[in-house]
file final-v4.cif (mmCIF, N, CA and C atoms)
data_work
loop_
_atom_site.label_atom_id
_atom_site.label_comp_id
_atom_site.auth_asym_id
_atom_site.auth_seq_id
_atom_site.Cartn_x
_atom_site.Cartn_y
_atom_site.Cartn_z
N ASN F 1 93.66 108.51 107.14
CA ASN F 1 94.34 109.79 107.12
C ASN F 1 95.49 109.81 106.12
N HIS F 2 95.69 108.76 105.38
CA HIS F 2 96.78 108.72 104.42
C HIS F 2 96.32 109.06 103.01
N ARG F 3 95.07 109.45 102.85
CA ARG F 3 94.57 109.86 101.53
C ARG F 3 93.85 111.18 101.68
N THR F 4 93.91 111.96 100.61
CA THR F 4 93.19 113.22 100.59
C THR F 4 91.81 113.02 99.99
N GLY F 5 91.71 112.19 98.96
CA GLY F 5 90.44 111.94 98.29
C GLY F 5 90.53 110.69 97.44
N LEU F 6 89.51 110.47 96.62
CA LEU F 6 89.48 109.29 95.77
C LEU F 6 90.36 109.43 94.53
N TYR F 7 90.95 110.57 94.32
CA TYR F 7 91.74 110.83 93.12
C TYR F 7 93.24 110.57 93.31
N ASP F 8 93.71 110.44 94.52
CA ASP F 8 95.16 110.46 94.75
C ASP F 8 95.81 109.10 94.91
N ALA F 9 95.04 108.03 94.80
CA ALA F 9 95.60 106.68 94.90
C ALA F 9 94.64 105.71 94.24
N ILE F 10 95.12 104.50 94.02
CA ILE F 10 94.31 103.46 93.41
C ILE F 10 94.22 102.30 94.38
N LEU F 11 93.01 101.85 94.66
CA LEU F 11 92.80 100.69 95.51
C LEU F 11 92.24 99.57 94.65
N ILE F 12 92.97 98.47 94.57
CA ILE F 12 92.55 97.31 93.79
C ILE F 12 91.92 96.32 94.75
N LYS F 13 90.62 96.10 94.58
CA LYS F 13 89.86 95.20 95.45
C LYS F 13 89.72 93.83 94.77
N GLU F 14 89.13 92.89 95.50
CA GLU F 14 89.03 91.52 94.99
C GLU F 14 88.24 91.42 93.69
N ASN F 15 87.23 92.27 93.50
CA ASN F 15 86.47 92.22 92.25
C ASN F 15 87.32 92.71 91.06
N HIS F 16 88.22 93.65 91.29
CA HIS F 16 89.12 94.10 90.23
C HIS F 16 90.10 92.99 89.86
N ILE F 17 90.59 92.29 90.88
CA ILE F 17 91.53 91.19 90.65
C ILE F 17 90.84 90.09 89.85
N ALA F 18 89.61 89.77 90.22
CA ALA F 18 88.85 88.74 89.50
C ALA F 18 88.63 89.15 88.04
N ALA F 19 88.29 90.41 87.82
CA ALA F 19 88.05 90.88 86.45
C ALA F 19 89.32 90.86 85.62
N ALA F 20 90.45 91.20 86.23
CA ALA F 20 91.72 91.23 85.51
C ALA F 20 92.31 89.83 85.33
N GLY F 21 91.95 88.92 86.20
CA GLY F 21 92.47 87.55 86.11
C GLY F 21 93.55 87.22 87.11
N SER F 22 94.19 88.22 87.68
CA SER F 22 95.22 87.98 88.69
C SER F 22 95.61 89.31 89.33
N ILE F 23 96.27 89.22 90.46
CA ILE F 23 96.79 90.42 91.12
C ILE F 23 97.79 91.12 90.21
N ALA F 24 98.68 90.33 89.60
CA ALA F 24 99.71 90.91 88.74
C ALA F 24 99.11 91.70 87.58
N ARG F 25 98.10 91.14 86.94
CA ARG F 25 97.46 91.86 85.82
C ARG F 25 96.73 93.11 86.29
N ALA F 26 96.04 93.00 87.40
CA ALA F 26 95.29 94.15 87.91
C ALA F 26 96.23 95.30 88.25
N VAL F 27 97.34 94.99 88.91
CA VAL F 27 98.31 96.04 89.27
C VAL F 27 98.95 96.62 88.02
N ALA F 28 99.32 95.78 87.08
CA ALA F 28 99.96 96.28 85.85
C ALA F 28 99.02 97.21 85.09
N GLN F 29 97.76 96.84 85.00
CA GLN F 29 96.79 97.68 84.29
C GLN F 29 96.57 99.00 85.01
N ALA F 30 96.48 98.96 86.32
CA ALA F 30 96.26 100.18 87.09
C ALA F 30 97.48 101.09 87.05
N ALA F 31 98.65 100.51 87.17
CA ALA F 31 99.88 101.30 87.22
C ALA F 31 100.23 101.90 85.86
N ALA F 32 99.85 101.23 84.78
CA ALA F 32 100.24 101.66 83.44
C ALA F 32 99.82 103.09 83.13
N GLY F 33 98.63 103.46 83.46
CA GLY F 33 98.16 104.81 83.14
C GLY F 33 98.22 105.77 84.29
N ASN F 34 98.84 105.38 85.36
CA ASN F 34 98.80 106.20 86.58
C ASN F 34 100.15 106.27 87.27
N ARG F 35 101.19 106.51 86.52
CA ARG F 35 102.54 106.59 87.09
C ARG F 35 102.58 107.63 88.20
N GLY F 36 103.23 107.27 89.28
CA GLY F 36 103.38 108.20 90.40
C GLY F 36 102.29 108.10 91.44
N LYS F 37 101.19 107.42 91.13
CA LYS F 37 100.12 107.27 92.12
C LYS F 37 100.36 106.02 92.95
N LEU F 38 99.99 106.10 94.21
CA LEU F 38 100.06 104.95 95.08
C LEU F 38 99.08 103.90 94.57
N VAL F 39 99.54 102.66 94.46
CA VAL F 39 98.68 101.54 94.07
C VAL F 39 98.63 100.58 95.24
N GLU F 40 97.45 100.41 95.79
CA GLU F 40 97.25 99.53 96.94
C GLU F 40 96.42 98.33 96.50
N VAL F 41 96.83 97.14 96.94
CA VAL F 41 96.16 95.91 96.55
C VAL F 41 95.60 95.21 97.78
N GLU F 42 94.34 94.86 97.71
CA GLU F 42 93.72 94.08 98.78
C GLU F 42 94.12 92.62 98.60
N VAL F 43 94.63 92.03 99.68
CA VAL F 43 94.98 90.61 99.66
C VAL F 43 94.28 89.93 100.83
N GLU F 44 94.02 88.62 100.66
CA GLU F 44 93.24 87.91 101.66
C GLU F 44 94.00 86.80 102.36
N ASP F 45 95.24 86.52 101.91
CA ASP F 45 96.02 85.44 102.52
C ASP F 45 97.49 85.58 102.12
N ASP F 46 98.32 84.69 102.65
CA ASP F 46 99.76 84.74 102.36
C ASP F 46 100.05 84.60 100.86
N ALA F 47 99.28 83.76 100.17
CA ALA F 47 99.50 83.60 98.73
C ALA F 47 99.29 84.93 98.01
N GLY F 48 98.27 85.67 98.42
CA GLY F 48 98.02 86.99 97.82
C GLY F 48 99.14 87.96 98.15
N VAL F 49 99.66 87.90 99.38
CA VAL F 49 100.78 88.75 99.77
C VAL F 49 101.98 88.47 98.86
N ARG F 50 102.29 87.18 98.68
CA ARG F 50 103.43 86.79 97.85
C ARG F 50 103.26 87.25 96.40
N GLU F 51 102.05 87.07 95.87
CA GLU F 51 101.81 87.49 94.48
C GLU F 51 101.92 89.01 94.35
N ALA F 52 101.36 89.74 95.31
CA ALA F 52 101.40 91.21 95.24
C ALA F 52 102.81 91.75 95.40
N LEU F 53 103.65 91.07 96.16
CA LEU F 53 105.04 91.51 96.34
C LEU F 53 105.82 91.49 95.03
N ALA F 54 105.38 90.69 94.08
CA ALA F 54 106.07 90.59 92.80
C ALA F 54 105.57 91.63 91.79
N THR F 55 104.76 92.58 92.25
CA THR F 55 104.19 93.61 91.38
C THR F 55 104.73 94.98 91.75
N GLU F 56 104.19 96.00 91.08
CA GLU F 56 104.56 97.39 91.37
C GLU F 56 103.72 98.00 92.49
N ALA F 57 102.95 97.20 93.20
CA ALA F 57 102.10 97.73 94.27
C ALA F 57 102.95 98.43 95.32
N SER F 58 102.44 99.55 95.82
CA SER F 58 103.15 100.31 96.85
C SER F 58 102.68 99.96 98.24
N ARG F 59 101.47 99.40 98.34
CA ARG F 59 100.91 99.08 99.65
C ARG F 59 99.99 97.88 99.50
N LEU F 60 99.95 97.05 100.53
CA LEU F 60 99.05 95.91 100.56
C LEU F 60 98.02 96.12 101.65
N LEU F 61 96.77 95.88 101.31
CA LEU F 61 95.67 95.96 102.26
C LEU F 61 95.38 94.54 102.72
N LEU F 62 95.71 94.25 103.97
CA LEU F 62 95.55 92.91 104.53
C LEU F 62 94.13 92.79 105.06
N ASP F 63 93.27 92.14 104.29
CA ASP F 63 91.84 92.12 104.58
C ASP F 63 91.46 90.98 105.51
N ASN F 64 90.96 91.34 106.68
CA ASN F 64 90.47 90.38 107.67
C ASN F 64 91.51 89.35 108.10
N PHE F 65 92.76 89.75 108.20
CA PHE F 65 93.81 88.87 108.70
C PHE F 65 93.69 88.79 110.23
N THR F 66 93.98 87.64 110.78
CA THR F 66 94.07 87.52 112.24
C THR F 66 95.33 88.26 112.69
N ASN F 67 95.46 88.47 113.98
CA ASN F 67 96.67 89.13 114.48
C ASN F 67 97.92 88.31 114.18
N ASP F 68 97.82 86.99 114.29
CA ASP F 68 98.96 86.14 113.94
C ASP F 68 99.30 86.27 112.45
N ALA F 69 98.28 86.30 111.61
CA ALA F 69 98.51 86.44 110.17
C ALA F 69 99.08 87.82 109.84
N LEU F 70 98.67 88.86 110.58
CA LEU F 70 99.25 90.19 110.38
C LEU F 70 100.74 90.16 110.68
N ARG F 71 101.11 89.55 111.81
CA ARG F 71 102.53 89.45 112.17
C ARG F 71 103.31 88.66 111.12
N ASP F 72 102.72 87.58 110.63
CA ASP F 72 103.38 86.78 109.59
C ASP F 72 103.58 87.60 108.32
N ALA F 73 102.58 88.38 107.94
CA ALA F 73 102.69 89.22 106.74
C ALA F 73 103.76 90.29 106.91
N VAL F 74 103.82 90.89 108.09
CA VAL F 74 104.85 91.90 108.37
C VAL F 74 106.24 91.28 108.20
N ALA F 75 106.42 90.07 108.73
CA ALA F 75 107.72 89.39 108.61
C ALA F 75 108.02 89.04 107.16
N LEU F 76 107.02 88.56 106.44
CA LEU F 76 107.21 88.17 105.04
C LEU F 76 107.56 89.37 104.17
N VAL F 77 106.87 90.46 104.36
CA VAL F 77 107.09 91.66 103.54
C VAL F 77 108.41 92.32 103.90
N ASP F 78 108.77 92.30 105.16
CA ASP F 78 110.07 92.81 105.62
C ASP F 78 110.38 94.22 105.12
N GLY F 79 109.36 95.09 105.17
CA GLY F 79 109.56 96.50 104.83
C GLY F 79 109.59 96.83 103.35
N ARG F 80 109.36 95.87 102.47
CA ARG F 80 109.43 96.14 101.02
C ARG F 80 108.30 97.02 100.53
N VAL F 81 107.13 96.91 101.14
CA VAL F 81 105.99 97.78 100.83
C VAL F 81 105.28 98.09 102.13
N GLU F 82 104.44 99.11 102.10
CA GLU F 82 103.65 99.45 103.27
C GLU F 82 102.51 98.45 103.43
N LEU F 83 102.08 98.26 104.66
CA LEU F 83 100.99 97.34 104.96
C LEU F 83 99.88 98.06 105.70
N GLU F 84 98.66 97.79 105.28
CA GLU F 84 97.48 98.34 105.93
C GLU F 84 96.57 97.19 106.34
N ALA F 85 96.20 97.15 107.59
CA ALA F 85 95.26 96.13 108.07
C ALA F 85 93.85 96.67 107.94
N SER F 86 92.96 95.81 107.50
CA SER F 86 91.56 96.19 107.34
C SER F 86 90.69 95.06 107.85
N GLY F 87 89.61 95.40 108.47
CA GLY F 87 88.71 94.38 109.00
C GLY F 87 87.80 94.98 110.04
N SER F 88 87.46 94.20 111.01
CA SER F 88 86.51 94.64 112.04
C SER F 88 87.25 95.20 113.24
N PHE F 89 87.96 96.29 113.04
CA PHE F 89 88.72 96.87 114.14
C PHE F 89 87.87 97.82 114.96
N ASN F 90 88.09 97.77 116.27
CA ASN F 90 87.42 98.67 117.20
C ASN F 90 88.36 98.93 118.37
N LEU F 91 87.91 99.64 119.37
CA LEU F 91 88.78 99.99 120.49
C LEU F 91 89.27 98.76 121.27
N ASP F 92 88.54 97.65 121.18
CA ASP F 92 88.93 96.45 121.91
C ASP F 92 90.07 95.68 121.25
N ASN F 93 90.20 95.76 119.94
CA ASN F 93 91.22 94.94 119.26
C ASN F 93 92.24 95.76 118.46
N LEU F 94 92.14 97.05 118.53
CA LEU F 94 93.01 97.92 117.74
C LEU F 94 94.47 97.84 118.18
N ARG F 95 94.72 97.81 119.47
CA ARG F 95 96.10 97.79 119.97
C ARG F 95 96.85 96.54 119.48
N ALA F 96 96.22 95.39 119.56
CA ALA F 96 96.87 94.15 119.13
C ALA F 96 97.22 94.21 117.65
N ALA F 97 96.34 94.77 116.84
CA ALA F 97 96.63 94.90 115.41
C ALA F 97 97.79 95.86 115.21
N ALA F 98 97.81 96.96 115.93
CA ALA F 98 98.90 97.93 115.81
C ALA F 98 100.23 97.32 116.22
N GLU F 99 100.21 96.49 117.23
CA GLU F 99 101.44 95.86 117.71
C GLU F 99 101.99 94.80 116.75
N SER F 100 101.21 94.46 115.73
CA SER F 100 101.67 93.48 114.73
C SER F 100 102.78 94.07 113.86
N GLY F 101 102.82 95.41 113.77
CA GLY F 101 103.85 96.06 112.96
C GLY F 101 103.36 96.62 111.64
N VAL F 102 102.05 96.56 111.37
CA VAL F 102 101.53 97.14 110.12
C VAL F 102 101.70 98.66 110.16
N ASP F 103 101.70 99.27 108.98
CA ASP F 103 101.89 100.72 108.88
C ASP F 103 100.61 101.51 109.11
N TYR F 104 99.49 100.94 108.69
CA TYR F 104 98.19 101.62 108.78
C TYR F 104 97.14 100.61 109.22
N ILE F 105 96.08 101.13 109.83
CA ILE F 105 94.92 100.31 110.18
C ILE F 105 93.67 101.09 109.75
N SER F 106 92.84 100.44 108.96
CA SER F 106 91.56 101.04 108.56
C SER F 106 90.51 100.65 109.59
N VAL F 107 89.83 101.64 110.11
CA VAL F 107 88.78 101.41 111.08
C VAL F 107 87.46 101.76 110.41
N GLY F 108 86.82 100.75 109.85
CA GLY F 108 85.58 100.96 109.11
C GLY F 108 84.45 101.48 109.97
N GLY F 109 84.52 101.23 111.26
CA GLY F 109 83.47 101.70 112.15
C GLY F 109 83.32 103.21 112.18
N LEU F 110 84.34 103.91 111.71
CA LEU F 110 84.25 105.37 111.66
C LEU F 110 83.24 105.84 110.62
N THR F 111 83.03 105.02 109.60
CA THR F 111 82.12 105.43 108.51
C THR F 111 80.96 104.48 108.30
N LYS F 112 81.02 103.29 108.87
CA LYS F 112 79.93 102.32 108.71
C LYS F 112 79.02 102.37 109.93
N ASN F 113 77.81 101.93 109.74
CA ASN F 113 76.85 101.79 110.83
C ASN F 113 76.61 103.09 111.58
N ILE F 114 76.63 104.19 110.87
CA ILE F 114 76.33 105.47 111.51
C ILE F 114 74.91 105.86 111.16
N GLN F 115 74.32 106.69 111.97
CA GLN F 115 72.97 107.17 111.71
C GLN F 115 73.05 108.65 111.36
N ALA F 116 72.34 109.01 110.33
CA ALA F 116 72.30 110.42 109.93
C ALA F 116 71.41 111.20 110.89
N ILE F 117 71.75 112.46 111.04
CA ILE F 117 70.90 113.34 111.84
C ILE F 117 70.36 114.43 110.92
N ASP F 118 69.23 114.93 111.23
CA ASP F 118 68.61 115.95 110.41
C ASP F 118 69.18 117.31 110.79
N LEU F 119 69.95 117.91 109.89
CA LEU F 119 70.52 119.22 110.12
C LEU F 119 69.83 120.28 109.26
N SER F 120 68.62 119.99 108.90
CA SER F 120 67.86 120.90 108.04
C SER F 120 67.66 122.25 108.72
N MET F 121 67.70 123.30 107.94
CA MET F 121 67.43 124.65 108.44
C MET F 121 66.02 125.09 108.04
N ARG F 122 65.21 124.15 107.73
CA ARG F 122 63.86 124.42 107.27
C ARG F 122 62.94 124.71 108.47
N PHE F 123 62.16 125.75 108.35
CA PHE F 123 61.24 126.13 109.42
C PHE F 123 59.82 126.04 108.87
N ASP F 124 58.98 125.44 109.63
CA ASP F 124 57.55 125.39 109.25
C ASP F 124 56.84 126.56 109.91
N HIS F 125 56.11 127.33 109.11
CA HIS F 125 55.36 128.47 109.63
C HIS F 125 53.92 128.06 109.83
N PRO F 126 53.34 128.51 110.93
CA PRO F 126 51.93 128.15 111.21
C PRO F 126 50.96 128.77 110.22
#
call {"tool": "encode", "arguments": {"input": "final-v4.cif", "output": "structure tokens"}}
result
Amino acid sequence: NHRTGLYDAILIKENHIAAAGSIARAVAQAAAGNRGKLVEVEVEDDAGVREALATEASRLLLDNFTNDALRDAVALVDGRVELEASGSFNLDNLRAAAESGVDYISVGGLTKNIQAIDLSMRFDHP
């Protein structure tokens, strides 16, 4: 609920970081032509959190962190940037993640593993 569409922010994923060579390079390249846009960086561990904190990133996406690791990241960041937890969240584990102190939680189950229904208005005539 913190985005309107794909045009209003930049999400740097692990493949972008690999292509750029580092978190710092990926953020610098993304931010250079997009002043004023939120730049969010996916990180996978404390080392990634530390590297991303030294950039212009506005938000860190904590990918598949345990609840303990989420709490550690919240303490490490200490309010300098927003934090978003991402992973296999559902109704059973959402509260614990929220209690870690992150600002946002992505619940992929809202858009993954869904089945389409046929809403066709097509009528077959005999």
call {"tool": "closest_residue", "arguments": {"input": "final-v4.cif", "among": "F:Ser100, F:Asn15, F:Gly5, F:Ala31", "to": "Ala69 in chain F", "atoms": "all atoms listed in the file"}}
result
F:Ser100
call {"tool": "residues_near_point", "arguments": {"input": "final-v4.cif", "point": "(101.9, 93.9, 106.5)", "cutoff": "5 Å", "atoms": "only N, CA and C atoms", "output": "JSON, numbers by chain"}}
result
{"F": [73, 74, 83, 102]}
call {"tool": "residues_near_point", "arguments": {"input": "final-v4.cif", "point": "(94.4, 94.4, 102.7)", "cutoff": "7 Å", "atoms": "only N, CA and C atoms", "output": "ChimeraX atom specification"}}
result
/F:41-44,60-64,84-86
call {"tool": "closest_residue", "arguments": {"input": "final-v4.cif", "among": "F:Ser88, F:Ile10, F:Arg50, F:Thr4", "to": "Ser106 in chain F", "atoms": "only C-alpha atoms"}}
result
F:Ser88
call {"tool": "closest_residue", "arguments": {"input": "final-v4.cif", "among": "F:Asp124, F:Phe65, F:Glu14, F:Ala75", "to": "Gly87 in chain F", "atoms": "only N, CA and C atoms"}}
result
F:Phe65
call {"tool": "closest_residue", "arguments": {"input": "final-v4.cif", "among": "F:Ala32, F:Val49, F:Ile17, F:Leu94", "to": "Leu76 in chain F", "atoms": "all atoms listed in the file"}}
result
F:Val49
call {"tool": "select_by_dssp", "arguments": {"input": "final-v4.cif", "residues": "range 2-52 of chain F", "states": "alpha helix (DSSP H)", "output": "NGL selection string"}}
result
:F and (14-20 or 23-32 or 46-52)
call {"tool": "closest_residue", "arguments": {"input": "final-v4.cif", "among": "F:Ile105, F:Leu70, F:Ile23, F:Ala9", "to": "Gly48 in chain F", "atoms": "all atoms listed in the file"}}
result
F:Ile23
call {"tool": "closest_residue", "arguments": {"input": "final-v4.cif", "among": "F:Arg25, F:Arg59, F:Lys37, F:Arg80", "to": "Tyr7 in chain F", "atoms": "all atoms listed in the file"}}
result
F:Lys37
call {"tool": "select_by_dssp", "arguments": {"input": "final-v4.cif", "residues": "range 42-87 of chain F", "states": "strand (DSSP E)", "output": "ChimeraX atom specification"}}
result
/F:42-43,59-63,82-87
call {"tool": "atom_distance", "arguments": {"input": "final-v4.cif", "atom1": "CA of Asp8 in chain F", "atom2": "CA of Ala116 in chain F"}}
result
27.4 Å
call {"tool": "atom_distance", "arguments": {"input": "final-v4.cif", "atom1": "CA of Ala24 in chain F", "atom2": "atom C of Val39 in chain F"}}
result
11.7 Å
call {"tool": "atom_distance", "arguments": {"input": "final-v4.cif", "atom1": "CA of Arg71 in chain F", "atom2": "CA of Gly101 in chain F"}}
result
6.8 Å
call {"tool": "decode", "arguments": {"input": "final-v4.cif", "residues": "range 57-77 of chain F", "atoms": "N, CA and C atoms", "output": "PDB file, in the first residue's frame"}}
result
ATOM      1  N   ALA F  57      20.003   5.107  -0.596  1.00  0.00           N
ATOM      2  CA  ALA F  57      18.755   4.340  -0.533  1.00  0.00           C
ATOM      3  C   ALA F  57      17.834   4.918   0.532  1.00  0.00           C
ATOM      4  N   SER F  58      16.542   4.953   0.219  1.00  0.00           N
ATOM      5  CA  SER F  58      15.555   5.479   1.157  1.00  0.00           C
ATOM      6  C   SER F  58      14.903   4.380   1.972  1.00  0.00           C
ATOM      7  N   ARG F  59      14.964   3.150   1.461  1.00  0.00           N
ATOM      8  CA  ARG F  59      14.319   2.031   2.145  1.00  0.00           C
ATOM      9  C   ARG F  59      15.096   0.762   1.842  1.00  0.00           C
ATOM     10  N   LEU F  60      15.147  -0.133   2.822  1.00  0.00           N
ATOM     11  CA  LEU F  60      15.783  -1.433   2.638  1.00  0.00           C
ATOM     12  C   LEU F  60      14.720  -2.514   2.706  1.00  0.00           C
ATOM     13  N   LEU F  61      14.776  -3.427   1.761  1.00  0.00           N
ATOM     14  CA  LEU F  61      13.881  -4.580   1.733  1.00  0.00           C
ATOM     15  C   LEU F  61      14.647  -5.749   2.330  1.00  0.00           C
ATOM     16  N   LEU F  62      14.252  -6.163   3.519  1.00  0.00           N
ATOM     17  CA  LEU F  62      14.924  -7.236   4.246  1.00  0.00           C
ATOM     18  C   LEU F  62      14.343  -8.561   3.773  1.00  0.00           C
ATOM     19  N   ASP F  63      15.070  -9.236   2.896  1.00  0.00           N
ATOM     20  CA  ASP F  63      14.550 -10.414   2.214  1.00  0.00           C
ATOM     21  C   ASP F  63      14.803 -11.692   2.999  1.00  0.00           C
ATOM     22  N   ASN F  64      13.723 -12.334   3.411  1.00  0.00           N
ATOM     23  CA  ASN F  64      13.773 -13.616   4.114  1.00  0.00           C
ATOM     24  C   ASN F  64      14.600 -13.587   5.400  1.00  0.00           C
ATOM     25  N   PHE F  65      14.560 -12.487   6.121  1.00  0.00           N
ATOM     26  CA  PHE F  65      15.224 -12.394   7.416  1.00  0.00           C
ATOM     27  C   PHE F  65      14.388 -13.137   8.458  1.00  0.00           C
ATOM     28  N   THR F  66      15.040 -13.774   9.395  1.00  0.00           N
ATOM     29  CA  THR F  66      14.327 -14.361  10.534  1.00  0.00           C
ATOM     30  C   THR F  66      13.826 -13.210  11.408  1.00  0.00           C
ATOM     31  N   ASN F  67      12.956 -13.521  12.345  1.00  0.00           N
ATOM     32  CA  ASN F  67      12.470 -12.473  13.252  1.00  0.00           C
ATOM     33  C   ASN F  67      13.609 -11.872  14.072  1.00  0.00           C
ATOM     34  N   ASP F  68      14.545 -12.709  14.504  1.00  0.00           N
ATOM     35  CA  ASP F  68      15.707 -12.191  15.237  1.00  0.00           C
ATOM     36  C   ASP F  68      16.538 -11.266  14.345  1.00  0.00           C
ATOM     37  N   ALA F  69      16.733 -11.668  13.093  1.00  0.00           N
ATOM     38  CA  ALA F  69      17.505 -10.841  12.160  1.00  0.00           C
ATOM     39  C   ALA F  69      16.767  -9.539  11.852  1.00  0.00           C
ATOM     40  N   LEU F  70      15.437  -9.576  11.796  1.00  0.00           N
ATOM     41  CA  LEU F  70      14.663  -8.344  11.594  1.00  0.00           C
ATOM     42  C   LEU F  70      14.904  -7.378  12.744  1.00  0.00           C
ATOM     43  N   ARG F  71      14.830  -7.897  13.977  1.00  0.00           N
ATOM     44  CA  ARG F  71      15.069  -7.048  15.149  1.00  0.00           C
ATOM     45  C   ARG F  71      16.487  -6.484  15.141  1.00  0.00           C
ATOM     46  N   ASP F  72      17.456  -7.304  14.764  1.00  0.00           N
ATOM     47  CA  ASP F  72      18.845  -6.838  14.681  1.00  0.00           C
ATOM     48  C   ASP F  72      18.984  -5.727  13.639  1.00  0.00           C
ATOM     49  N   ALA F  73      18.331  -5.888  12.502  1.00  0.00           N
ATOM     50  CA  ALA F  73      18.401  -4.872  11.442  1.00  0.00           C
ATOM     51  C   ALA F  73      17.750  -3.569  11.899  1.00  0.00           C
ATOM     52  N   VAL F  74      16.625  -3.673  12.588  1.00  0.00           N
ATOM     53  CA  VAL F  74      15.950  -2.479  13.112  1.00  0.00           C
ATOM     54  C   VAL F  74      16.887  -1.727  14.056  1.00  0.00           C
ATOM     55  N   ALA F  75      17.570  -2.458  14.925  1.00  0.00           N
ATOM     56  CA  ALA F  75      18.508  -1.825  15.861  1.00  0.00           C
ATOM     57  C   ALA F  75      19.693  -1.213  15.123  1.00  0.00           C
ATOM     58  N   LEU F  76      20.214  -1.917  14.142  1.00  0.00           N
ATOM     59  CA  LEU F  76      21.365  -1.433  13.382  1.00  0.00           C
ATOM     60  C   LEU F  76      21.023  -0.169  12.597  1.00  0.00           C
ATOM     61  N   VAL F  77      19.889  -0.161  11.962  1.00  0.00           N
ATOM     62  CA  VAL F  77      19.475   0.979  11.132  1.00  0.00           C
ATOM     63  C   VAL F  77      19.100   2.173  12.001  1.00  0.00           C
TER      64      VAL F  77
END
